[in-house]
Amino acid sequence: MINVKERILELKKSKNALILAHYYQNMDIQEIADVVGDSFELATKAKATDADIIVLCGVRFMAESAKILNPDKKVLLPVLSAGCPMADMITADDVRKLRTSYPDAAVVCYINSSAAVKAESDICCTSSSAERIVRSLPQKRIIFIPDQNLGAYVASKVPEKELILFNGYCPIHHKVSISDVNKVKAFYPNMPILVHPECRPEVLEMADMVGSTSQIIDYALNGTGKDYIIGTEVGVVSRLRQLAPYKNFYLLSQGLFCPNMKKTALADVLFSLEQERYVIELTPAEIAGAELSLLRMIDVK
Ligand code: 13P
Ligand code: SF4
């Protein structure tokens, strides 16, 4: 019987492919990846590679970002239907309309968006860089798209700016409620609660720490405490349990499961490498416009 993992590793070598995986992927995918990271790390690693093929184990906008940063490389998304519902909540036309309503504003676009939306924006951001990016802009007024929760969080951190928010949200993080937090607090009264900024503002207010996927991982690994409640996708809990088996990690709510991120199985990665599918194709105009937004984001230190 063929060993799927071994075959993937063989093909990866013979085709000079790089496998990038987001922390929300299943653990067997994280184990065969060259790099596991959050959205920002995956985008920067994609930019730095000399591989001929990039296999992005994540959702479509992540593979598109890799393609935008490597227009001459073949970028593959193993499961065609792996998308991000939040990214699909806004269109390029919505951005053009917002610009017409607020002509003096800069448009900051969360990386969870399509290439066409990025191309209409001035600069991208990720959850780890959003505050820094907004602060760095000369404009006082900022149109922040598409995540209303991340936008509201940034607005609270950068009060000198006026943020115009769009009404997008992550269906997974947005579902976490005050009652989920109260339940977990009643059960584990003194345990720190770490949450992703895609959660609602009232949930963020009850948390001990707010951060991107990697920031949550770093905090939980490097903190002196032994126990943590994790308010982001369950893949982060699996990763933390593997990296720090001597600590305890509890998921804030059972709803923190992204079905799109969990679509990719090892067999999909194998077929993706064998058949070089599914190739990410973008128009030259999308690539040109979106590349500028992503490169500006990477350049803001
Ligand atoms: P990060 O930017 O923290 O990787 O988050 C990506 C994402 O899709 C969160 O839901
Ligand atoms: Fe999109 Fe939410 Fe899934 Fe992240 S967790 S990929 S924002 S649906």
# chains A, B, ... in the order shown; residues from 1 in each chain; ligands from 1
>>> residues_near_ligand(ligand="ligand 1", cutoff="6 Å", atoms="only C-alpha atoms and all ligand atoms", output="number ranges by chain")
A: 38-39, 126-127, 212-213
>>> residues_near_ligand(ligand="ligand 2", cutoff="7 Å", atoms="only C-alpha atoms and all ligand atoms", output="JSON, numbers by chain")
{"A": [59, 84, 85, 86, 87, 112, 170, 171, 172, 173, 233, 258, 260, 261]}
>>> residues_around(residues="Asp180 in chain A", least_positions_apart="2", cutoff="10 Å", atoms="only C-alpha atoms", output="list of chain:residue names")
A:Lys175, A:Val176, A:Ser177, A:Ile178, A:Asn182, A:Lys183, A:Val184, A:Lys185, A:Val203, A:Leu252, A:Ser253, A:Gln254, A:Gly255
>>> write_last_selection(atoms="all heavy atoms", output="compact mmCIF listing (two decimals), in the first residue's frame")
# COMPACT_ATOMS: atom_id res chain seq x y z
N LYS A 175 -19.64 34.11 15.94
CA LYS A 175 -20.65 33.32 16.68
C LYS A 175 -20.33 33.23 18.17
O LYS A 175 -21.20 32.92 18.98
CB LYS A 175 -20.67 31.89 16.09
CG LYS A 175 -22.01 31.47 15.61
CD LYS A 175 -22.11 30.08 15.04
CE LYS A 175 -20.90 29.19 14.99
NZ LYS A 175 -20.84 28.27 13.88
N VAL A 176 -19.09 33.47 18.55
CA VAL A 176 -18.72 33.37 19.97
C VAL A 176 -19.48 34.47 20.73
O VAL A 176 -19.49 35.63 20.31
CB VAL A 176 -17.20 33.56 20.17
CG1 VAL A 176 -16.84 33.49 21.65
CG2 VAL A 176 -16.43 32.52 19.37
N SER A 177 -20.14 34.08 21.82
CA SER A 177 -21.01 35.04 22.53
C SER A 177 -20.51 35.31 23.94
O SER A 177 -19.67 34.58 24.47
CB SER A 177 -22.43 34.47 22.60
OG SER A 177 -22.40 33.29 23.39
N ILE A 178 -21.10 36.36 24.55
CA ILE A 178 -20.79 36.66 25.94
C ILE A 178 -21.12 35.45 26.81
O ILE A 178 -20.40 35.11 27.75
CB ILE A 178 -21.62 37.89 26.41
CG1 ILE A 178 -21.18 39.13 25.66
CG2 ILE A 178 -21.50 38.08 27.91
CD1 ILE A 178 -21.87 40.40 26.11
N ASN A 182 -18.89 33.65 29.60
CA ASN A 182 -19.33 33.51 31.00
C ASN A 182 -19.29 32.05 31.45
O ASN A 182 -18.86 31.74 32.55
CB ASN A 182 -20.74 34.07 31.17
CG ASN A 182 -20.71 35.59 31.27
OD1 ASN A 182 -19.71 36.16 31.71
ND2 ASN A 182 -21.77 36.24 30.86
N LYS A 183 -19.70 31.16 30.54
CA LYS A 183 -19.72 29.72 30.89
C LYS A 183 -18.31 29.23 31.20
O LYS A 183 -18.06 28.56 32.20
CB LYS A 183 -20.26 28.92 29.70
CG LYS A 183 -21.73 28.63 29.81
CD LYS A 183 -22.15 27.67 28.70
CE LYS A 183 -23.45 28.17 28.11
NZ LYS A 183 -23.71 27.77 26.76
N VAL A 184 -17.38 29.60 30.34
CA VAL A 184 -16.00 29.13 30.52
C VAL A 184 -15.36 29.77 31.76
O VAL A 184 -14.62 29.13 32.50
CB VAL A 184 -15.24 29.35 29.18
CG1 VAL A 184 -14.50 30.62 29.12
CG2 VAL A 184 -14.35 28.19 28.86
N LYS A 185 -15.73 31.02 32.02
CA LYS A 185 -15.20 31.72 33.20
C LYS A 185 -15.72 31.06 34.48
O LYS A 185 -15.01 30.95 35.47
CB LYS A 185 -15.61 33.20 33.20
CG LYS A 185 -14.61 34.12 32.48
CD LYS A 185 -15.04 35.56 32.67
CE LYS A 185 -14.24 36.55 31.85
NZ LYS A 185 -12.94 36.86 32.41
N VAL A 203 -16.97 40.42 23.27
CA VAL A 203 -16.18 39.24 23.64
C VAL A 203 -14.72 39.67 23.86
O VAL A 203 -14.08 39.26 24.83
CB VAL A 203 -16.30 38.15 22.53
CG1 VAL A 203 -15.28 37.03 22.74
CG2 VAL A 203 -17.72 37.60 22.51
N LEU A 252 -12.51 27.93 23.67
CA LEU A 252 -13.52 28.81 24.27
C LEU A 252 -14.95 28.39 23.93
O LEU A 252 -15.85 28.47 24.76
CB LEU A 252 -13.25 30.26 23.82
CG LEU A 252 -14.25 31.34 24.18
CD1 LEU A 252 -14.49 31.42 25.67
CD2 LEU A 252 -13.76 32.70 23.67
N SER A 253 -15.18 27.98 22.67
CA SER A 253 -16.54 27.57 22.27
C SER A 253 -16.42 26.46 21.23
O SER A 253 -15.54 26.51 20.36
CB SER A 253 -17.26 28.78 21.69
OG SER A 253 -18.16 28.38 20.70
N GLN A 254 -17.32 25.49 21.32
CA GLN A 254 -17.25 24.34 20.40
C GLN A 254 -17.52 24.76 18.95
O GLN A 254 -17.20 24.04 18.01
CB GLN A 254 -18.24 23.25 20.83
CG GLN A 254 -17.86 22.55 22.13
CD GLN A 254 -16.38 22.18 22.20
OE1 GLN A 254 -15.86 21.48 21.34
NE2 GLN A 254 -15.66 22.67 23.21
N GLY A 255 -18.09 25.96 18.77
CA GLY A 255 -18.38 26.44 17.41
C GLY A 255 -17.12 26.93 16.67
O GLY A 255 -17.19 27.27 15.49
>>> select_by_dssp(residues="range 98-295 of chain A", states="helix (DSSP H, G or I)", output="count of residues only")
84
>>> residues_around(residues="range 238-243 of chain A", least_positions_apart="3", cutoff="10 Å", atoms="only C-alpha atoms", output="compact mmCIF listing (two decimals) with N, CA and C atoms, in the first residue's frame")
# COMPACT_ATOMS: atom_id res chain seq x y z
N TYR A 23 -2.38 27.55 10.32
CA TYR A 23 -2.56 26.88 11.61
C TYR A 23 -3.94 26.25 11.78
N TYR A 24 -4.91 26.65 10.98
CA TYR A 24 -6.25 26.08 11.12
C TYR A 24 -6.40 24.76 10.36
N GLN A 25 -5.34 24.35 9.63
CA GLN A 25 -5.43 23.08 8.90
C GLN A 25 -5.38 21.90 9.85
N ASN A 26 -5.86 20.74 9.37
CA ASN A 26 -5.78 19.50 10.16
C ASN A 26 -4.31 19.22 10.48
N MET A 27 -4.07 18.55 11.62
CA MET A 27 -2.69 18.33 12.06
C MET A 27 -1.86 17.52 11.07
N GLN A 30 -0.54 19.96 8.68
CA GLN A 30 0.51 20.80 9.30
C GLN A 30 1.83 20.00 9.36
N VAL A 36 4.29 26.34 8.52
CA VAL A 36 2.95 26.50 9.09
C VAL A 36 2.93 27.91 9.66
N ILE A 216 -1.39 34.65 19.47
CA ILE A 216 -2.01 33.79 20.50
C ILE A 216 -1.08 32.61 20.81
N ILE A 217 -0.54 32.01 19.76
CA ILE A 217 0.36 30.85 19.96
C ILE A 217 1.59 31.29 20.77
N ASP A 218 2.21 32.39 20.38
CA ASP A 218 3.41 32.85 21.10
C ASP A 218 3.10 33.14 22.56
N ALA A 220 0.69 31.95 24.48
CA ALA A 220 0.40 30.74 25.26
C ALA A 220 1.66 29.89 25.47
N LEU A 221 2.55 29.88 24.49
CA LEU A 221 3.77 29.07 24.63
C LEU A 221 4.76 29.72 25.59
N ILE A 230 -8.54 29.21 24.69
CA ILE A 230 -8.20 29.71 23.35
C ILE A 230 -9.48 30.08 22.59
N GLU A 233 -9.85 29.42 16.15
CA GLU A 233 -10.19 28.15 15.52
C GLU A 233 -9.47 26.96 16.21
N VAL A 234 -10.15 25.84 16.28
CA VAL A 234 -9.68 24.66 17.04
C VAL A 234 -8.30 24.16 16.58
N GLY A 235 -7.91 24.42 15.33
CA GLY A 235 -6.59 24.00 14.84
C GLY A 235 -5.47 24.58 15.68
N TYR A 246 2.90 19.75 27.99
CA TYR A 246 2.91 19.90 29.45
C TYR A 246 1.97 21.03 29.91
N LYS A 247 1.33 21.74 28.96
CA LYS A 247 0.36 22.79 29.33
C LYS A 247 -1.05 22.32 28.97
N ASN A 248 -2.05 23.05 29.45
CA ASN A 248 -3.45 22.69 29.13
C ASN A 248 -4.10 23.82 28.32
N PHE A 249 -4.74 23.42 27.22
CA PHE A 249 -5.40 24.41 26.36
C PHE A 249 -6.86 23.98 26.18
N TYR A 250 -7.77 24.93 26.38
CA TYR A 250 -9.20 24.64 26.27
C TYR A 250 -9.79 25.56 25.21
N LEU A 251 -10.69 25.02 24.39
CA LEU A 251 -11.34 25.82 23.34
C LEU A 251 -12.47 26.63 23.97
>>> residues_around(residues="Ile68 in chain A", least_positions_apart="4", cutoff="8 Å", atoms="only C-alpha atoms", output="PyMOL selection string")
chain A and resi 64+115+287-288+290-291
>>> closest_residue(among="A:Met191, A:Ala105, A:Met206, A:Ile123", to="Asp299 in chain A", atoms="only C-alpha atoms")
A:Ile123
>>> closest_residue(among="A:Cys125, A:Asp104, A:Ser136, A:Ala63", to="Leu77 in chain A", atoms="only C-alpha atoms")
A:Ala63
>>> residues_around(residues="Thr264 in chain A", least_positions_apart="5", cutoff="12 Å", atoms="only C-alpha atoms", output="number ranges by chain")
A: 21-22, 24-30, 55-60, 77-83, 258-259, 269-272
>>> closest_residue(among="A:Ile32, A:Ser128, A:Ala155, A:Val95", to="Arg7 in chain A", atoms="only C-alpha atoms")
A:Ile32
>>> closest_residue(among="A:Tyr219, A:Phe40, A:Tyr188, A:Tyr153", to="Leu20 in chain A", atoms="only C-alpha atoms")
A:Phe40
>>> select_by_dssp(residues="range 67-300 of chain A", states="strand (DSSP E)", output="number ranges by chain")
A: 74-76, 106-110, 123-125, 141-145, 162-165, 193-195, 209-210, 227-231, 248-251
>>> atom_distance(atom1="CA of Ile229 in chain A", atom2="CA of Asn167 in chain A")
27.7 Å
>>> closest_atom_pairs(of="range 54-118 of chain A", to="range 138-151 of chain A", cutoff="7 Å", atoms="only C-alpha atoms", output="CSV")
residue,atom,partner,partner_atom,distance
A:Ile90,CA,A:Pro146,CA,6.4
A:Ala105,CA,A:Arg141,CA,4.8
A:Ala106,CA,A:Ile142,CA,5.0
A:Val107,CA,A:Ile143,CA,4.7
A:Val108,CA,A:Phe144,CA,5.0
A:Cys109,CA,A:Ile145,CA,5.0
A:Tyr110,CA,A:Ile145,CA,6.1
>>> atom_distance(atom1="CA of Thr232 in chain A", atom2="CA of Asp268 in chain A")
24.9 Å
>>> atom_distance(atom1="CA of Leu163 in chain A", atom2="CA of Ser101 in chain A")
13.5 Å
